[in-house]
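Heads up, upload_34.cif below (mmCIF, C-alpha atoms):
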```cif
data_structure
loop_
_atom_site.label_atom_id
_atom_site.label_comp_id
_atom_site.auth_asym_id
_atom_site.auth_seq_id
_atom_site.Cartn_x
_atom_site.Cartn_y
_atom_site.Cartn_z
CA MET J 1 93.71 89.37 114.32
CA LYS J 2 94.66 91.80 117.06
CA VAL J 3 92.58 94.79 118.03
CA TYR J 4 94.07 97.90 119.62
CA LYS J 5 92.43 100.97 121.09
CA LYS J 6 93.71 104.44 120.35
CA GLY J 7 96.92 104.99 122.33
CA ASP J 8 97.72 101.27 122.83
CA ILE J 9 101.31 100.18 122.31
CA ILE J 10 101.64 97.46 119.65
CA ALA J 11 105.39 96.89 120.07
CA SER J 12 108.03 98.71 122.12
CA GLU J 13 111.45 100.01 121.14
CA GLY J 14 114.23 97.69 122.30
CA THR J 15 112.17 94.48 122.33
CA VAL J 16 113.09 91.50 120.18
CA SER J 17 110.39 89.55 118.32
CA ASN J 18 109.96 88.05 114.89
CA GLU J 19 106.50 89.50 114.35
CA PHE J 20 105.55 91.04 111.01
CA TYR J 21 102.46 93.27 111.06
CA PHE J 22 99.83 93.78 108.38
CA LEU J 23 97.48 96.69 108.80
CA ILE J 24 93.82 95.74 108.36
CA GLU J 25 92.17 98.91 109.60
CA GLY J 26 93.08 102.06 111.51
CA LYS J 27 96.32 104.00 111.87
CA VAL J 28 99.68 103.18 113.41
CA GLY J 29 102.46 105.60 114.39
CA ALA J 30 106.16 104.72 114.70
CA PHE J 31 107.88 106.71 117.45
CA LYS J 32 111.48 107.24 118.53
CA ASP J 33 111.98 109.03 121.86
CA ASP J 34 108.36 110.31 121.75
CA LYS J 35 108.96 111.80 118.31
CA LYS J 36 106.79 110.45 115.50
CA ILE J 37 108.99 109.17 112.67
CA SER J 38 106.21 107.90 110.39
CA ASP J 39 102.66 106.62 110.34
CA TYR J 40 100.79 103.95 108.41
CA SER J 41 97.12 104.08 107.49
CA ARG J 42 96.93 102.32 104.11
CA LYS J 43 95.19 98.97 104.35
CA GLY J 44 97.62 96.11 103.68
CA THR J 45 100.71 98.04 104.76
CA ILE J 46 103.42 95.77 106.14
CA PHE J 47 105.42 97.19 109.03
CA GLY J 48 107.87 96.03 111.70
CA GLU J 49 109.55 93.76 109.15
CA LEU J 50 113.13 94.94 109.63
CA ALA J 51 113.35 93.89 113.29
CA ALA J 52 111.50 90.65 112.49
CA ILE J 53 113.90 89.64 109.72
CA LEU J 54 117.10 90.72 111.47
CA LYS J 55 115.98 89.56 114.93
CA ARG J 56 117.41 92.77 116.34
CA PRO J 57 115.78 94.95 118.98
CA ARG J 58 113.10 97.23 117.53
CA SER J 59 114.41 100.71 116.84
CA LEU J 60 110.92 102.28 117.05
CA THR J 61 107.82 101.99 119.23
CA LEU J 62 104.58 101.22 117.38
CA VAL J 63 101.43 102.88 118.74
CA ALA J 64 97.80 102.71 117.59
CA LEU J 65 96.82 106.28 116.65
CA GLU J 66 93.15 105.30 116.42
CA ASP J 67 91.21 102.07 116.93
CA THR J 68 93.26 99.64 114.87
CA LYS J 69 93.10 96.06 113.64
CA ILE J 70 96.25 94.24 112.56
CA LEU J 71 97.37 90.76 111.64
CA ALA J 72 100.63 89.59 113.21
CA PHE J 73 102.71 86.83 111.62
CA ASP J 74 105.20 85.47 114.13
CA ARG J 75 106.64 82.34 112.50
CA GLY J 76 109.66 83.89 110.87
CA TYR J 77 110.39 85.21 107.40
CA GLN J 78 111.41 81.82 106.01
CA GLU J 79 107.92 80.51 106.66
CA LEU J 80 106.31 83.72 105.45
CA ILE J 81 108.02 83.21 102.07
CA ILE J 82 106.54 79.71 101.72
CA LYS J 83 103.09 80.39 103.20
CA HIS J 84 102.48 83.90 101.86
CA PRO J 85 104.62 84.41 98.73
CA GLU J 86 102.56 87.49 97.75
CA PHE J 87 103.49 89.20 101.05
CA ALA J 88 107.12 88.09 100.66
CA LYS J 89 107.16 89.75 97.22
CA LYS J 90 105.76 93.00 98.66
CA ILE J 91 108.38 92.95 101.41
CA LEU J 92 111.25 92.27 98.96
CA ILE J 93 110.16 95.10 96.64
CA ASN J 94 109.70 97.49 99.57
CA LEU J 95 113.14 96.63 101.02
CA ALA J 96 114.84 96.93 97.63
CA GLU J 97 113.24 100.36 97.02
CA ARG J 98 114.29 101.59 100.45
CA VAL J 99 117.87 100.24 100.09
CA SER J 100 118.14 101.89 96.69
CA ALA J 101 116.76 105.25 97.92
CA THR J 102 118.85 105.28 101.13
CA THR J 103 122.03 104.36 99.24
CA ASP J 104 121.43 107.29 96.87
CA LYS J 105 120.80 109.68 99.78
CA LEU J 106 123.90 108.41 101.59
CA TRP J 107 125.97 108.80 98.43
CA ASN J 108 124.82 112.43 98.01
CA ILE J 109 125.65 113.24 101.65
CA LYS J 110 129.12 111.67 101.29
CA VAL J 111 129.76 113.85 98.24
CA ILE J 112 128.70 116.98 100.18
CA ILE J 113 130.89 116.02 103.16
CA ASN J 114 133.91 115.37 100.92
CA GLU J 115 133.41 118.67 99.12
CA SER J 116 133.03 120.71 102.31
CA PHE J 117 136.12 119.09 103.87
CA HIS J 118 137.97 119.85 100.68
CA GLU J 119 136.74 123.47 100.88
CA GLN J 120 137.96 123.79 104.48
CA ASN J 121 141.40 122.43 103.63
CA LYS J 122 142.02 124.90 100.81
CA MET X 1 129.95 74.15 89.24
CA ASP X 2 129.04 71.98 86.25
CA ASN X 3 126.46 71.55 83.51
CA ILE X 4 123.74 70.54 85.94
CA THR X 5 124.26 73.76 87.87
CA GLU X 6 124.00 75.74 84.65
CA LYS X 7 120.89 73.90 83.53
CA TYR X 8 119.02 74.58 86.75
CA PHE X 9 120.48 77.80 88.03
CA GLY X 10 121.74 79.90 85.14
CA GLU X 11 124.89 80.68 83.21
CA ILE X 12 128.47 80.77 84.44
CA LEU X 13 130.33 83.84 83.17
CA ASN X 14 134.14 83.80 83.14
CA ARG X 15 135.63 87.28 82.86
CA LYS X 16 139.20 88.60 82.54
CA GLN X 17 140.49 91.55 84.52
CA GLY X 18 138.79 94.75 83.31
CA ASP X 19 135.90 92.96 81.59
CA SER X 20 132.34 94.00 82.25
CA ILE X 21 129.88 91.58 83.89
CA ALA X 22 126.89 93.95 83.87
CA ARG X 23 126.54 97.50 82.61
CA GLU X 24 124.84 100.43 84.29
CA GLY X 25 121.60 101.23 82.46
CA ALA X 26 121.28 97.81 80.81
CA PRO X 27 118.10 95.78 81.45
CA SER X 28 118.36 93.42 84.43
CA GLN X 29 118.61 89.71 83.68
CA GLY X 30 118.34 88.03 87.04
CA PHE X 31 121.15 88.39 89.56
CA TYR X 32 124.75 87.21 90.07
CA ILE X 33 126.58 85.04 92.61
CA LEU X 34 130.36 85.40 92.93
CA ILE X 35 132.14 82.06 92.43
CA SER X 36 135.75 83.26 92.39
CA GLY X 37 137.75 86.41 91.78
CA LYS X 38 137.01 90.02 92.58
CA VAL X 39 134.22 92.32 91.37
CA GLY X 40 134.10 96.12 91.49
CA VAL X 41 130.80 98.02 91.55
CA TYR X 42 130.98 101.27 89.57
CA LYS X 43 128.53 104.13 89.38
CA ASN X 44 129.34 106.97 86.98
CA LYS X 45 132.82 105.40 86.65
CA ILE X 46 133.43 105.79 90.41
CA LYS X 47 134.00 102.59 92.38
CA ILE X 48 131.44 102.36 95.16
CA ALA X 49 132.03 98.79 96.39
CA GLU X 50 134.14 95.69 95.89
CA PHE X 51 133.29 92.02 96.41
CA THR X 52 135.73 89.13 96.95
CA GLU X 53 133.78 86.74 99.14
CA GLN X 54 132.57 83.57 97.43
CA GLY X 55 128.78 83.38 97.41
CA THR X 56 128.23 87.15 97.46
CA VAL X 57 124.95 88.05 95.77
CA MET X 58 125.10 91.00 93.35
CA GLY X 59 122.56 92.81 91.17
CA GLU X 60 119.54 91.60 93.12
CA ILE X 61 117.90 95.03 93.45
CA GLY X 62 117.64 95.42 89.67
CA MET X 63 115.98 92.02 89.47
CA ILE X 64 113.54 92.63 92.33
CA LEU X 65 112.48 96.04 91.06
CA ASN X 66 112.68 94.91 87.42
CA LYS X 67 114.62 98.06 86.58
CA PRO X 68 117.75 98.72 84.50
CA ARG X 69 121.06 98.19 86.31
CA THR X 70 121.84 101.05 88.68
CA ALA X 71 125.59 100.24 88.66
CA SER X 72 128.17 98.41 86.53
CA LEU X 73 129.92 95.23 87.67
CA ILE X 74 133.54 94.94 86.47
CA ALA X 75 135.96 92.02 86.98
CA MET X 76 138.99 93.32 88.93
CA GLU X 77 140.93 90.09 88.22
CA SER X 78 140.06 86.76 86.56
CA THR X 79 136.53 86.22 87.86
CA SER X 80 133.72 83.69 87.60
CA VAL X 81 130.13 84.51 88.45
CA LEU X 82 126.90 82.58 88.16
CA ASN X 83 124.20 84.60 86.42
CA VAL X 84 120.90 83.31 87.81
CA LYS X 85 118.39 84.24 85.13
CA THR X 86 115.15 84.48 87.01
CA ASP X 87 112.56 87.01 88.11
CA ILE X 88 111.12 87.77 91.51
CA ASP X 89 107.99 85.59 91.14
CA GLU X 90 109.92 82.52 90.01
CA LEU X 91 112.57 83.08 92.67
CA ILE X 92 110.07 83.16 95.55
CA ILE X 93 108.25 80.03 94.40
CA LYS X 94 111.21 77.94 93.23
CA PHE X 95 113.97 79.07 95.58
CA PRO X 96 112.50 80.04 98.96
CA GLY X 97 115.90 79.47 100.60
CA ILE X 98 117.69 81.94 98.29
CA THR X 99 114.74 84.33 98.70
CA ALA X 100 115.19 84.17 102.49
CA ASN X 101 118.90 85.00 102.14
CA LEU X 102 118.12 87.90 99.80
CA MET X 103 115.49 89.22 102.19
CA TYR X 104 117.88 89.05 105.13
CA ASN X 105 120.70 90.72 103.17
CA LEU X 106 118.44 93.55 102.01
CA ALA X 107 117.13 94.15 105.53
CA ASP X 108 120.71 94.14 106.85
CA ARG X 109 121.83 96.60 104.17
CA LEU X 110 118.87 98.88 104.85
CA TYR X 111 119.64 98.82 108.57
CA ASN X 112 123.32 99.65 107.98
CA THR X 113 122.82 102.27 105.26
CA THR X 114 120.16 104.02 107.36
CA ASP X 115 122.55 104.00 110.32
CA ASN X 116 125.39 105.31 108.14
CA TYR X 117 123.08 107.98 106.70
CA VAL X 118 121.95 109.18 110.15
CA THR X 119 125.61 109.33 111.31
CA SER X 120 126.64 111.25 108.17
CA ILE X 121 123.80 113.77 108.62
CA LYS X 122 124.93 114.35 112.23
CA LEU X 123 128.52 114.83 111.08
CA LEU X 124 127.39 117.31 108.46
CA GLU X 125 125.27 119.22 111.00
CA GLU X 126 128.19 119.43 113.45
CA GLU X 127 130.44 120.65 110.68
CA PHE X 128 127.93 123.33 109.69
CA ALA X 129 127.55 124.39 113.31
CA LEU X 130 131.34 124.89 113.44
CA LEU X 131 131.44 126.78 110.15
CA TYR X 132 128.37 128.92 110.78
CA PRO X 133 127.88 129.15 114.56
CA GLY X 134 125.37 131.99 114.13
CA ASP X 135 122.83 129.78 112.35
CA LYS X 136 121.90 128.07 115.60
CA ASN X 137 120.33 131.33 116.72
CA GLU X 138 118.06 131.38 113.73
CA GLY X 139 114.70 132.87 114.66
CA ILE X 140 115.95 134.80 117.68
#
```

Serialized structure, structure tokens:
Amino acid sequence: MKVYKKGDIIASEGTVSNEFYFLIEGKVGAFKDDKKISDYSRKGTIFGELAAILKRPRSLTLVALEDTKILAFDRGYQELIIKHPEFAKKILINLAERVSATTDKLWNIKVIINESFHEQNK
Amino acid sequence: MDNITEKYFGEILNRKQGDSIAREGAPSQGFYILISGKVGVYKNKIKIAEFTEQGTVMGEIGMILNKPRTASLIAMESTSVLNVKTDIDELIIKFPGITANLMYNLADRLYNTTDNYVTSIKLLEEEFALLYPGDKNEGI
């Protein structure tokens, strides 16, 4: 378990690590260029999983917004699936929901763009 | 692909050009792996994607979320797919390797769709700024 004081940086944008985080207590903010994109305060929330799975640089900086306790799992998603299947299930469902929602949003935007181009070319 | 594969992994479906593999709105029964051929993904009769690469996983979101199919899968030529009839709990326990691939693919898709979405929003904003230059001065 890791303990952070309010204002501590948990992980920085641009760094590469395969750490998954599970929120035990407190509140975490995800920032991009000093702008808060989202925050997590629900106990058991999993965050930082995209960078961990893809092994790509983090796109957001994670900051403790109050005194915060988290668990970090750093042995890769393959091992997470075997050791903690219940967390793996949560991650899969969360990813599938987000893919589905983002695909729908993207599809709607594409329709709007096509229509407005069409409008301009009339 | 033989009987042993079918016994342990699911059912092989052979489809002619134009035949349906899965229908939008139908209950999900596991997911599909492309063995050979070409599959089109259709939503409201509009093609939104096409798969030709052997081993491509399809229909996994319906299985994970245990929801009806959000798109139809249609054979674009003579096509064989393996329908893996499983659910998320069984998949994680019995096939951790496939689960890992699914997890990676979903994360990759989320990363790319989010990127694509952000780019599209920017494009749309630029276009609006060109069409309605006055709106930038909103509030002045």

Can you tell me which residues surround range 97-114 of chain X at a distance of at most 9 Å, considering all atoms listed in the file, apart from same-chain residues fewer than 2 positions away, and format the answer as a ChimeraX atom specification? /J:49-51,53-54,77-78,81,88,91-92,95-96,98-100,102-103,106 /X:57,60-61,88,91-95,116-119

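Taking only C-alpha atoms into account, chain J lies nearest to X:Gly62 out of the set X:Gly62, X:Pro68, X:Gln54, X:Glu77.
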
Between CA of Asn18 in chain J and CA of Ile37 in chain J lies a distance of 21.3 Å

Expected selection from the PyMOL selection byres ((chain X and resi 47) around 12), given as a compact mmCIF listing (two decimals) with C-alpha atoms, keeping the file's coordinate frame:
```
# COMPACT_ATOMS: atom_id res chain seq x y z
CA TRP J 107 125.97 108.80 98.43
CA VAL X 39 134.22 92.32 91.37
CA GLY X 40 134.10 96.12 91.49
CA VAL X 41 130.80 98.02 91.55
CA TYR X 42 130.98 101.27 89.57
CA LYS X 43 128.53 104.13 89.38
CA ASN X 44 129.34 106.97 86.98
CA LYS X 45 132.82 105.40 86.65
CA ILE X 46 133.43 105.79 90.41
CA ILE X 48 131.44 102.36 95.16
CA ALA X 49 132.03 98.79 96.39
CA GLU X 50 134.14 95.69 95.89
CA PHE X 51 133.29 92.02 96.41
CA ALA X 71 125.59 100.24 88.66
CA SER X 72 128.17 98.41 86.53
CA LEU X 73 129.92 95.23 87.67
CA ILE X 74 133.54 94.94 86.47
CA MET X 76 138.99 93.32 88.93
```

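For Ser80 in chain X, the non-local neighbours within 12 Å, defined as residues at least 4 positions apart in the same chain or in other chains and counting all atoms listed in the file, are Met1, Glu11, Ile12, Leu13, Asn14, Arg15, Lys16, Gln17, Asp19, Ser20, Ile21, Tyr32, Ile33, Leu34, Ile35, Ser36, Gly37, Lys38, Val39, Thr52, Glu53, Gln54, Gly55, Thr56, Ile74, Ala75 and Met76 of chain X.
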
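With all atoms listed in the file as the atoms that count, the minimum distance from chain X to the choices J:Lys55, J:Arg75, J:Lys36, J:Arg42 is reached by J:Lys55.
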
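A straight line drawn from CA of Val16 in chain J to CA of Tyr4 in chain J is 20.1 Å long.
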
If we count all atoms listed in the file and set the cut-off at 7 Å, which residues sit around Phe73 in chain J, ignoring sequence neighbours fewer than 4 positions away in its own chain? Please answer as a count of residues only.
3
